[in-house]
Every structure is written in C-alpha cells, then in structure tokens.
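**Q** Let me give you the structure first, and then I'll get to my questions.
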Amino acid sequence: MSKRYLISLLVVTMAMVAASFAVMWLAKPYYLAVMPLLALYFGIICGLQHWIVTRAMYKSPRTFVQVFLASVIGVLFIHIVVLAIYVLNNTQQARLFTIAFCVGYAISLVFETIALVQFVNNERKKRLNKE
C-alpha cells in the first residue's frame, strides 16, 4: 500500500471519529459509545480490502477481477454479520446503530471506490509508459 493511501485512510477514519464525538457533544441523545469504534472498524476493513485487491492487481486481470469480487462479497458478509450481532444484542439501540453503520459504510464505500479507481488508473499509466 502506498503511503498516500494510508494517510488518506487515516484522515478519513479520524474525521469519522471526530464526527462521532461531535454527535456526543452536540446531540447527546443520539450518541452511542460504539460510534468511534465503528469508524475504526470501517478503517480497518477498508485498509484490508484495499491491500488484498491491490496485491491481486499485479497478477493476471482474471485474478484481479476474481479477488475484487470475492473481497466485495466477503466484506458485505462481514458487515451483515456485525450489524446483525449488534442489533440482536442491543435492540433498544438498533435504530441509531443501523443509521450510524449505514453512514460509516457509505463513507468507506465512496473512499475505497475512489482509492481503487485512482490505483488502477495509476497502474495503467505506469504500464503504458513502460511500453
């Protein structure tokens, strides 16, 4: 992984943590203690997915597509399991947690999509310059 990606991931994760603390200070009834942990969870999952997919980029295009699709399905499955476990164990906080989870998921999805598109474009440019 590039240093630029790691710094960007850290900035996005810290912004999500800061946003969760802003909810704590500005809208206390809507704050859940798990919100900062959600930001860290999405940061870790996003980083792992990026690492796995970018490693596959250096192999064949077929392998890249297979690894990318498998990582997307795997991450979605992990998200569903985490969401279900929390909601079933904390029914009173289910609505707030689901909203916070969906916001975190949307942010991480947009971030990872942009990062992967930039990575693929940069690799394509490097390969064209070699030829």
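Identifiers in the structure tokens: chain A, B, ... in order shown; residue index from 1 per chain; ligand index from 1 in order shown.
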Name all residues at most 8 Å from stretch 115-117 of chain A (count only C-alpha atoms; drop same-chain ones fewer than 3 positions away) and give them as a count of residues only.

**A** 7

**Q** Neighbours of stretch 14-19 of chain A within 10 Å (only C-alpha atoms; same-chain residues fewer than 2 positions away dropped), as an mmCIF file with C-alpha atoms, in the first residue's frame?

**A**
data_model
loop_
_atom_site.group_PDB
_atom_site.id
_atom_site.type_symbol
_atom_site.label_atom_id
_atom_site.label_comp_id
_atom_site.auth_asym_id
_atom_site.auth_seq_id
_atom_site.Cartn_x
_atom_site.Cartn_y
_atom_site.Cartn_z
ATOM 1 C CA SER A 8 -5.816 9.334 3.303
ATOM 2 C CA LEU A 9 -7.344 6.359 5.125
ATOM 3 C CA LEU A 10 -6.108 7.717 8.450
ATOM 4 C CA VAL A 11 -7.578 11.156 7.684
ATOM 5 C CA VAL A 12 -10.967 9.691 6.735
ATOM 6 C CA PHE A 21 -17.553 12.829 19.075
ATOM 7 C CA ALA A 22 -19.337 15.834 17.571
ATOM 8 C CA VAL A 23 -22.562 13.857 17.860
ATOM 9 C CA MET A 24 -21.689 13.195 21.506
ATOM 10 C CA TRP A 25 -21.204 16.903 22.235
ATOM 11 C CA MET A 35 -19.737 5.117 17.205
ATOM 12 C CA PRO A 36 -15.982 5.858 17.412
ATOM 13 C CA LEU A 37 -15.328 2.122 17.256
ATOM 14 C CA LEU A 38 -17.397 1.919 14.072
ATOM 15 C CA ALA A 39 -15.060 4.437 12.467
ATOM 16 C CA LEU A 40 -12.063 2.303 13.404
ATOM 17 C CA PHE A 42 -14.539 0.666 8.786
ATOM 18 C CA GLY A 43 -10.968 1.979 8.560
ATOM 19 C CA VAL A 103 -23.343 6.307 7.269
ATOM 20 C CA GLY A 104 -19.978 4.704 8.021
ATOM 21 C CA ILE A 107 -18.300 6.877 3.615
ATOM 22 C CA SER A 108 -15.980 3.878 3.449
#

**Q** Identify, on the basis of only C-alpha atoms, every residue whose closest approach to stretch 63-73 of chain A does not exceed 9 Å; exclude the query and any residue fewer than 6 positions from it along the same chain; express the result as a VMD selection string.

**A** chain A and resid 49 52 to 57

**Q** So the first atom is atom CA of A:Met1 and the second is atom CA of A:Gly47; what is the distance between them in Å, to one decimal place?

**A**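 Separation between atom CA of A:Met1 and atom CA of A:Gly47: 8.8 Å.
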
**Q** Go through A:Tyr86, A:Trp51, A:Phe97, A:Phe77 one by one, measure the shortest atom-to-atom distance of each to A:Leu32 using only C-alpha atoms, and give the residue with the smallest value.

**A**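 The answer is A:Phe97, which sits nearest to A:Leu32.
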
**Q** With distances taken over only C-alpha atoms, which residue among A:Cys46, A:Ile7, A:Leu83, A:Leu88 lies nearest A:Cys102?

**A**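 Answer, going by the shortest atom-to-atom distance: A:Leu83.
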
**Q** For atom CA of A:Leu48 and atom CA of A:Lys126, determine how far apart the two atoms are, in Å to one decimal place.

**A** 23.8 Å

**Q** At what distance in Å, to one decimal, does atom CA of A:Val110 lie from atom CA of A:Thr91?

**A**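 Calculated distance between atom CA of A:Thr91 and atom CA of A:Val110 is 28.7 Å.
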
**Q** Given only C-alpha atoms as the basis, pick out the residue of A:Tyr58, A:Val81, A:Leu6, A:Asn90 nearest to A:Arg124.

**A**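 Among A:Tyr58, A:Val81, A:Leu6, A:Asn90, it is A:Tyr58 that comes nearest to A:Arg124.
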